[in-house]
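Visitor: Take a look at the following structure, please.
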Amino acid sequence: MKILIIEDEFEILLSIKKYLVGYDFVIETAATLKTAIEKIELYSYDCIVLDLGLKDGDGFDLLKKLKNKNRIEGIIIISAKNTLETKIEGLTLGADDYLTKPFHLSELMVRIQALVRRKQFSGNNVIIFNEIEIDTFLKTVRVKGNKLELTKKEMDLLLFLIGNKNKILSRSVIAEHLSGDMADMLDNYDFVYAHIKNLKKKIKEMGGTNYLKSIYGTGYKWNEET
Amino acid sequence: MEQAINGMKKHKLLEQTIKFYFIYSILVVVIIGPLFYIMSNVLYEKDANEDLYATKKQFETIQSSKLKLKDINQWNKFNRNASILPFNGNHEDNLFDHNYYDAINKEYEPYRVLNSPVKIDNHLFTFSTKINMVEKENLLGCIAILFATLLLLLILGFLLITQFISKKLWQPFYATLEKMEQFEVGNFFLMSEIECKTEEFHRLNLVVDKLISKNNLIFKSQREFIENAAHELQTPIAIFRVKIENILQNKDLNSEQFNLINELYGTISRLVKLNKSLLVLSKIDSKTYTLTDKVNINEVILNQIDFFCEQATSKNNVITSELFDNVTINSNLILIEVLISNLFLNTINHNKTNGEIQIILNKQKLVFMNSGIDKPLQKEKMFERFSKSNPSSQGNGLGLSIIKKIVDTNQWAISYYYKNSLHTFEITF
């Protein structure tokens with residue numbers, strides 16, 4: 001998967017790149033609107049991560065350009081602007097998703113994966129992780145062919161964990177991911193523990209391996225090697 | 001209307017003016033009244049005396065020389081108010097008051113009498129002439145009535161004129177006063193648009209305008225500063241957060257290091273929340289949210305209740321709700337969502353383990369009740385920014401001020417009370 005990250009804040013650009021390395025991504029970066037347009041004209045990407053406030057122009061201009069050319073790249077806006085108007089404008093101009101800064105890298109990761117799935121396979125995609133199969137369209141999970149009955153939250157949690165495989169996720173990140181729009185309101189992350197426990201139990205009951213490791217009591221990691 | 005301000009009774013301007021007029025009028029009556037009476041009395045008496053002397057002079061010059069002794073009885077018969085009496089021994093003119101019996105009116109009447117010596121046929125006689133003074137009393141009575149009427153008319157006039165003045169002349173002043181009472185920082189209107197013909201009031205309006213615009217300017221720049229600061233903080237916070245997230249991935253971290261960095265990560269989340277809350281507050285201040293949505297409050301609550309039930313469960317809190325169907329209100333959906341979630345969060349965060357939460361919604365009010373510490377909270381500062389009942393809590397002390405701000409923006413009212421061991425926040429629409 002080819003990804004273009006357009007972001008003028010060098011440190012953020014670097015951090016995103018660093019976090020995404022080691023997954024099935026080929027990562028290109030652009031710090032200005034000019035380089036971004038050049039790259040888009042030369043190559044095609046599966047996903048573009050676009051910061052709206054660039055030094056030499058507005059990210060919206062790029063969106064308009066892409067829309068006029070009927071390009072099919074998935075676009076995720078990352079912006080410090082948190083108004084409904086900006087979100088709506090971005091989405092009507094052809095962006096597929098909108099993340100407000102400051103965001104979690106793990107969140108950006110699963111958003112990119114979900115977007116690429118939607119764009120490339122029309123959402124009809126099966127994620128396979130060893131003996132676990134997740135059909136993101138039918139919303140079903142099978143372990144060694146046996147169907148797993150998961151709640152919506154557990155399903156979401158599983159996708160988040162596998163999407164960020166081999167990464168250490170703190171309980172607060174998981175909590176904020178599971179809470180969606182309500183994330184700002186959280187003060188207590190204890191509920192994550194209950195969901196993790198249930199998910200582990202259900203996978204174990206179907207004979208699945210326990211890939212989920214607890215890290216020093218406050219973090220979790222979906223580990224490829226057991 | 002009287003109002004007690006600072007413990008002292010304050011009177012209306014109009015009342016005070018009338019009070020002074022009234023005192024002055026009374027003073028005038030008390031001083032001028034008797035003076036007027038005395039003066040009239042003196043004048044009338046002087047007049048009577050002159051009349052009497054004139055009669056005497058007329059008698060002396062025209063009649064006394066022609067009269068004979070034998071005519072005196074005859075003369076006395078035909079003159080009612082004058083008579084020639086035997087000489088009483090007084091060689092001087094003598095003026096005095098005396099009551100005589102009046103045969104016609106059958107009562108004693110006051111008279112002014114002049115006795116003077118005259119010579120008739122070389123014999124001394126006393127010429128006595130008198131004037132009925134009953135008319136003087138009538139006249140004085142008349143004057144007193146006139147005087148009282150005049151005074152009454154004057155006071156009535158004062159009253160009406162002051163009322164007129166207050167209504168017409170002071171009207172711009174009261175209009176200014178009313179506008180100033182309604183004034184809230186951030187609201188823009190011009191006092192000088194109030195129509196007024198009085199120079200002083202116009203000046204007052206101009207000065208008030210100047211003060212208001214200065215205030216608004218300060219308020220605006222403060223608001224913009226908060227908004228800009230919050231905005232500018234987003235990027236460094238974002239960098240901080242992604243860097244820490246990457247450090248957490250470091251495989252060489254030991255338990256202590258990991259937990260330290262993880263705590264930092266949690267602190268960043270608090271910073272993010274604080275920043276977002278400040279942005280929400282300044283956005284409400286700058287009236288970014290229009291209150292034109294039709295918001296179904298039931299729906300907003302039901303959308304959030306699952307999430308907060310989950311949060312409450314970890315504290316073993318039980319949420320019970322009593323929601324009237326279809327409470328729809330003209331407001332702003334985003335604001336109502338923020339309001340409800342902050343209310344929920346407040347009831348959960350300040351609750352105790354195994355506590356309870358009650359929600360009541362009907363057409364008039366929305367009530368959130370929760371158990372918690374066993375004494376009422378301090379009301380004075382609870383809605384102020386960054387005021388925390390428990391300084392060590394994770395909250396940022398902005399929740400209640402956001403709630404208050406949203407309530408104020410919608411022109412609702414919020415009250416807090418502690419009843420049956422429940423902390424209650426009641427919003428009346």
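A note on labels: chains of the structure tokens are A, B, ... as shown, every chain counts residues from 1, and ligands are counted from 1 in their shown order.
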Taking only C-alpha atoms into account, which residues of chain A are within 8 Å of chain B, as an mmCIF file with N, CA, C and O atoms, in the first residue's frame?

Guide:
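Full text of selection.cif as output:
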data_model
loop_
_atom_site.group_PDB
_atom_site.id
_atom_site.type_symbol
_atom_site.label_atom_id
_atom_site.label_comp_id
_atom_site.auth_asym_id
_atom_site.auth_seq_id
_atom_site.Cartn_x
_atom_site.Cartn_y
_atom_site.Cartn_z
ATOM 1 N N GLU A 11 8.206 17.257 12.801
ATOM 2 C CA GLU A 11 8.214 16.270 13.878
ATOM 3 C C GLU A 11 7.032 15.322 13.787
ATOM 4 O O GLU A 11 7.155 14.128 14.057
ATOM 5 N N ILE A 12 5.897 15.883 13.417
ATOM 6 C CA ILE A 12 4.714 15.030 13.297
ATOM 7 C C ILE A 12 4.881 14.074 12.114
ATOM 8 O O ILE A 12 4.613 12.870 12.208
ATOM 9 N N SER A 15 7.156 11.309 13.049
ATOM 10 C CA SER A 15 6.557 10.362 13.990
ATOM 11 C C SER A 15 5.571 9.443 13.290
ATOM 12 O O SER A 15 5.521 8.242 13.581
ATOM 13 N N ILE A 16 4.779 10.013 12.387
ATOM 14 C CA ILE A 16 3.821 9.176 11.664
ATOM 15 C C ILE A 16 4.585 8.115 10.873
ATOM 16 O O ILE A 16 4.270 6.920 10.906
ATOM 17 N N LYS A 18 7.544 6.947 11.322
ATOM 18 C CA LYS A 18 8.199 5.979 12.197
ATOM 19 C C LYS A 18 7.203 4.929 12.689
ATOM 20 O O LYS A 18 7.510 3.739 12.757
ATOM 21 N N TYR A 19 5.985 5.395 13.026
ATOM 22 C CA TYR A 19 4.989 4.471 13.578
ATOM 23 C C TYR A 19 4.507 3.497 12.504
ATOM 24 O O TYR A 19 4.265 2.326 12.769
ATOM 25 N N ALA A 80 -5.881 20.738 12.926
ATOM 26 C CA ALA A 80 -6.072 21.280 14.272
ATOM 27 C C ALA A 80 -7.425 21.962 14.386
ATOM 28 O O ALA A 80 -7.903 22.242 15.468
ATOM 29 N N LYS A 81 -8.038 22.217 13.225
ATOM 30 C CA LYS A 81 -9.355 22.863 13.255
ATOM 31 C C LYS A 81 -10.404 21.839 13.624
ATOM 32 O O LYS A 81 -10.509 20.788 13.011
ATOM 33 N N LYS A 101 -6.308 17.058 15.279
ATOM 34 C CA LYS A 101 -5.047 17.092 16.034
ATOM 35 C C LYS A 101 -5.347 17.577 17.441
ATOM 36 O O LYS A 101 -6.140 18.492 17.599
ATOM 37 N N PRO A 102 -4.712 17.115 18.461
ATOM 38 C CA PRO A 102 -3.733 16.014 18.444
ATOM 39 C C PRO A 102 -4.419 14.646 18.428
ATOM 40 O O PRO A 102 -5.369 14.434 19.148
ATOM 41 N N PHE A 103 -3.905 13.767 17.572
ATOM 42 C CA PHE A 103 -4.522 12.439 17.441
ATOM 43 C C PHE A 103 -3.524 11.389 17.930
ATOM 44 O O PHE A 103 -2.361 11.698 18.197
ATOM 45 N N HIS A 104 -4.017 10.158 18.039
ATOM 46 C CA HIS A 104 -3.124 9.054 18.392
ATOM 47 C C HIS A 104 -2.645 8.388 17.112
ATOM 48 O O HIS A 104 -3.431 8.191 16.191
ATOM 49 N N LEU A 105 -1.390 8.002 17.073
ATOM 50 C CA LEU A 105 -0.859 7.323 15.889
ATOM 51 C C LEU A 105 -1.589 6.010 15.650
ATOM 52 O O LEU A 105 -1.856 5.628 14.510
ATOM 53 N N LYS A 167 2.405 -3.412 18.362
ATOM 54 C CA LYS A 167 2.587 -2.102 18.997
ATOM 55 C C LYS A 167 2.061 -2.180 20.425
ATOM 56 O O LYS A 167 1.123 -2.921 20.712
ATOM 57 N N ILE A 168 2.692 -1.379 21.268
ATOM 58 C CA ILE A 168 2.191 -1.316 22.643
ATOM 59 C C ILE A 168 1.126 -0.239 22.713
ATOM 60 O O ILE A 168 1.350 0.898 22.279
ATOM 61 N N SER A 170 -1.489 1.800 25.160
ATOM 62 C CA SER A 170 -1.828 2.042 26.562
ATOM 63 C C SER A 170 -3.340 1.962 26.715
ATOM 64 O O SER A 170 -4.091 2.103 25.748
ATOM 65 N N SER A 172 -5.360 3.971 27.961
ATOM 66 C CA SER A 172 -6.095 5.198 27.625
ATOM 67 C C SER A 172 -6.350 5.312 26.126
ATOM 68 O O SER A 172 -7.399 5.779 25.707
ATOM 69 N N SER A 179 -14.339 4.827 22.625
ATOM 70 C CA SER A 179 -15.362 5.805 23.000
ATOM 71 C C SER A 179 -15.780 6.719 21.858
ATOM 72 O O SER A 179 -16.783 7.416 21.964
ATOM 73 N N MET A 182 -17.103 10.398 22.229
ATOM 74 C CA MET A 182 -17.173 10.689 23.652
ATOM 75 C C MET A 182 -15.797 10.709 24.303
ATOM 76 O O MET A 182 -15.679 10.948 25.503
ATOM 77 N N ASP A 184 -13.401 12.609 24.533
ATOM 78 C CA ASP A 184 -12.996 13.801 25.294
ATOM 79 C C ASP A 184 -13.493 13.763 26.728
ATOM 80 O O ASP A 184 -12.960 14.415 27.604
ATOM 81 N N MET A 185 -14.578 13.038 26.932
ATOM 82 C CA MET A 185 -15.238 13.105 28.220
ATOM 83 C C MET A 185 -14.662 12.114 29.231
ATOM 84 O O MET A 185 -15.008 12.144 30.393
ATOM 85 N N LEU A 186 -13.798 11.219 28.736
ATOM 86 C CA LEU A 186 -13.348 10.141 29.612
ATOM 87 C C LEU A 186 -12.489 10.612 30.766
ATOM 88 O O LEU A 186 -11.640 11.462 30.619
ATOM 89 N N ASP A 187 -12.746 10.019 31.909
ATOM 90 C CA ASP A 187 -11.888 10.277 33.051
ATOM 91 C C ASP A 187 -11.405 8.964 33.644
ATOM 92 O O ASP A 187 -10.519 8.938 34.461
ATOM 93 N N ASN A 188 -12.038 7.900 33.200
ATOM 94 C CA ASN A 188 -11.807 6.616 33.825
ATOM 95 C C ASN A 188 -11.700 5.551 32.726
ATOM 96 O O ASN A 188 -12.580 5.417 31.892
ATOM 97 N N ASP A 190 -11.156 2.272 33.252
ATOM 98 C CA ASP A 190 -11.304 0.926 33.800
ATOM 99 C C ASP A 190 -12.152 0.007 32.934
ATOM 100 O O ASP A 190 -11.944 -1.199 32.924
ATOM 101 N N PHE A 191 -13.100 0.625 32.204
ATOM 102 C CA PHE A 191 -14.023 -0.232 31.441
ATOM 103 C C PHE A 191 -13.289 -1.034 30.357
ATOM 104 O O PHE A 191 -13.771 -2.060 29.912
ATOM 105 N N TYR A 216 3.477 -4.502 31.461
ATOM 106 C CA TYR A 216 3.716 -3.786 32.727
ATOM 107 C C TYR A 216 2.426 -3.292 33.390
ATOM 108 O O TYR A 216 2.381 -2.237 34.015
ATOM 109 N N THR A 218 -0.157 -1.675 32.524
ATOM 110 C CA THR A 218 -0.985 -0.565 32.030
ATOM 111 C C THR A 218 -1.101 -0.548 30.504
ATOM 112 O O THR A 218 -1.815 0.264 29.953
#

Visitor: As an MDAnalysis selection string, please: every residue in range 18-120 of chain B that DSSP puts in alpha helix (DSSP H).

Guide: chainID B and resid 18:58 72:78

Visitor: Tell me which protein, DNA and RNA residues are within 7 Å of range 367-378 of chain B, counting only C-alpha atoms, leaving out same-chain ones fewer than 5 positions away, and put them as a list in words.

Guide: Leu343, Thr347, His350, Asn351, Lys352, Gly355, Glu356, Ile357, Gln358, Ile359, Ile360, Leu361, Tyr418, Ser421, Leu422, His423, Thr424, Phe425, Glu426 and Ile427 of chain B

Visitor: Quick one: residues within 12 Å of Leu158 in chain A, only C-alpha atoms, excluding same-chain residues fewer than 2 positions away - as a PyMOL selection string?

Guide: chain A and resi 110+127+129+132-136+139-141+148+150-156+160-165+174+177-178+195-200+202-203+211-212+221-222

Visitor: What separation in Å, quoted to one decimal, exists between CA of Lys419 in chain B and CA of Leu302 in chain B?

Guide: 25.9 Å

Visitor: Measuring atom to atom with only C-alpha atoms, identify which of B:Asn122, B:Glu109, B:Gly141, B:Met133 is nearest to Asp47 in chain B.

Guide: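 Looking only at the distances to Asp47 in chain B, the closest residue turns out to be B:Met133.
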
Visitor: So that I can check the surroundings of Ser401 in chain B, please list as an MDAnalysis selection string every protein, DNA and RNA residue that reaches within 6 Å of it, counting only C-alpha atoms and ignoring chain neighbours fewer than 2 positions away.

Guide: chainID B and resid 383:385 398:399 403:405

Visitor: Output all heavy atoms of each residue in that selection to a file, as an mmCIF file, in the first residue's frame.

Guide:
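The result, written out as again-v2.cif:
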data_model
loop_
_atom_site.group_PDB
_atom_site.id
_atom_site.type_symbol
_atom_site.label_atom_id
_atom_site.label_comp_id
_atom_site.auth_asym_id
_atom_site.auth_seq_id
_atom_site.Cartn_x
_atom_site.Cartn_y
_atom_site.Cartn_z
ATOM 1 N N PHE B 383 -19.453 27.335 39.773
ATOM 2 C CA PHE B 383 -19.541 27.480 38.317
ATOM 3 C C PHE B 383 -18.361 28.264 37.737
ATOM 4 O O PHE B 383 -18.311 28.535 36.557
ATOM 5 C CB PHE B 383 -20.848 28.152 37.933
ATOM 6 C CG PHE B 383 -22.047 27.295 38.221
ATOM 7 C CD1 PHE B 383 -22.987 27.683 39.158
ATOM 8 C CD2 PHE B 383 -22.223 26.095 37.558
ATOM 9 C CE1 PHE B 383 -24.090 26.886 39.431
ATOM 10 C CE2 PHE B 383 -23.316 25.292 37.818
ATOM 11 C CZ PHE B 383 -24.250 25.687 38.763
ATOM 12 N N GLU B 384 -17.439 28.667 38.610
ATOM 13 C CA GLU B 384 -16.296 29.421 38.097
ATOM 14 C C GLU B 384 -15.283 28.498 37.441
ATOM 15 O O GLU B 384 -15.156 27.340 37.806
ATOM 16 C CB GLU B 384 -15.617 30.186 39.244
ATOM 17 C CG GLU B 384 -16.303 31.491 39.531
ATOM 18 C CD GLU B 384 -15.663 32.202 40.709
ATOM 19 O OE1 GLU B 384 -14.468 31.967 40.958
ATOM 20 O OE2 GLU B 384 -16.382 32.967 41.360
ATOM 21 N N ARG B 385 -14.548 29.070 36.477
ATOM 22 C CA ARG B 385 -13.559 28.263 35.781
ATOM 23 C C ARG B 385 -12.465 27.815 36.734
ATOM 24 O O ARG B 385 -12.028 28.583 37.581
ATOM 25 C CB ARG B 385 -12.920 29.067 34.649
ATOM 26 C CG ARG B 385 -13.923 29.383 33.564
ATOM 27 C CD ARG B 385 -13.313 30.211 32.477
ATOM 28 N NE ARG B 385 -14.394 30.579 31.546
ATOM 29 C CZ ARG B 385 -14.199 31.148 30.390
ATOM 30 N NH1 ARG B 385 -12.998 31.427 29.988
ATOM 31 N NH2 ARG B 385 -15.215 31.442 29.613
ATOM 32 N N LEU B 398 -13.480 22.620 34.539
ATOM 33 C CA LEU B 398 -14.177 23.420 33.529
ATOM 34 C C LEU B 398 -15.567 22.882 33.227
ATOM 35 O O LEU B 398 -16.372 23.554 32.605
ATOM 36 C CB LEU B 398 -13.360 23.456 32.228
ATOM 37 C CG LEU B 398 -12.103 24.329 32.269
ATOM 38 C CD1 LEU B 398 -11.358 24.222 30.948
ATOM 39 C CD2 LEU B 398 -12.464 25.774 32.525
ATOM 40 N N GLY B 399 -15.832 21.656 33.673
ATOM 41 C CA GLY B 399 -17.104 21.004 33.364
ATOM 42 C C GLY B 399 -18.307 21.838 33.739
ATOM 43 O O GLY B 399 -19.167 22.122 32.907
ATOM 44 N N ILE B 403 -21.144 23.905 31.556
ATOM 45 C CA ILE B 403 -22.583 23.700 31.747
ATOM 46 C C ILE B 403 -23.276 25.045 31.959
ATOM 47 O O ILE B 403 -24.268 25.370 31.313
ATOM 48 C CB ILE B 403 -22.835 22.768 32.961
ATOM 49 C CG1 ILE B 403 -22.379 21.347 32.635
ATOM 50 C CG2 ILE B 403 -24.315 22.775 33.349
ATOM 51 C CD1 ILE B 403 -22.412 20.396 33.806
ATOM 52 N N LYS B 404 -22.695 25.851 32.855
ATOM 53 C CA LYS B 404 -23.294 27.155 33.167
ATOM 54 C C LYS B 404 -23.349 28.043 31.924
ATOM 55 O O LYS B 404 -24.340 28.703 31.655
ATOM 56 C CB LYS B 404 -22.457 27.832 34.270
ATOM 57 C CG LYS B 404 -22.946 29.203 34.687
ATOM 58 C CD LYS B 404 -24.070 29.078 35.702
ATOM 59 C CE LYS B 404 -24.340 30.352 36.464
ATOM 60 N NZ LYS B 404 -24.877 31.431 35.680
ATOM 61 N N LYS B 405 -22.256 28.018 31.184
ATOM 62 C CA LYS B 405 -22.174 28.871 29.989
ATOM 63 C C LYS B 405 -23.247 28.487 28.977
ATOM 64 O O LYS B 405 -23.893 29.348 28.386
ATOM 65 C CB LYS B 405 -20.782 28.755 29.394
ATOM 66 C CG LYS B 405 -20.552 29.636 28.239
ATOM 67 C CD LYS B 405 -19.573 30.725 28.400
ATOM 68 C CE LYS B 405 -19.551 31.783 29.292
ATOM 69 N NZ LYS B 405 -18.690 32.743 29.514
#

Visitor: Extract, using only C-alpha atoms, all DNA, RNA and protein residues at most 10 Å from range 320-331 of chain B, discarding same-chain residues fewer than 2 positions from it, and format them as number ranges by chain.

Guide: B: 289-299, 301-302, 305, 309, 317-318, 333-336, 356-369, 406, 409-410, 429

Visitor: Pick out the residues sitting within 12 Å of range 34-43 of chain B, and hand them over as number ranges by chain; count only C-alpha atoms, and ignore anything fewer than 6 positions along from it in its own chain.

Guide: B: 27-28, 49-50, 133, 135-144, 147

Visitor: Mind checking DSSP for range 4-189 of chain A and telling me the strand (DSSP E or B) residues as number ranges by chain?

Guide: A: 4-6, 21, 23, 26-30, 47-51, 53-54, 57-58, 74-79, 97-100, 126-129, 132-135, 140-143, 146-148, 168-170

Visitor: Restricting the calculation to only C-alpha atoms: of A:Gly74, A:Gly90, A:Gly219, A:Gly145, which residue gets closest to Ile112 in chain A?

Guide: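 Under the stated criterion, the closest residue is A:Gly74.
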
Visitor: Which is closer to Glu224 in chain B than all the others in B:Leu153, B:Tyr174, B:Met180, B:Leu278, using only C-alpha atoms?

Guide: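 Smallest separation from Glu224 in chain B among the options: B:Leu278.
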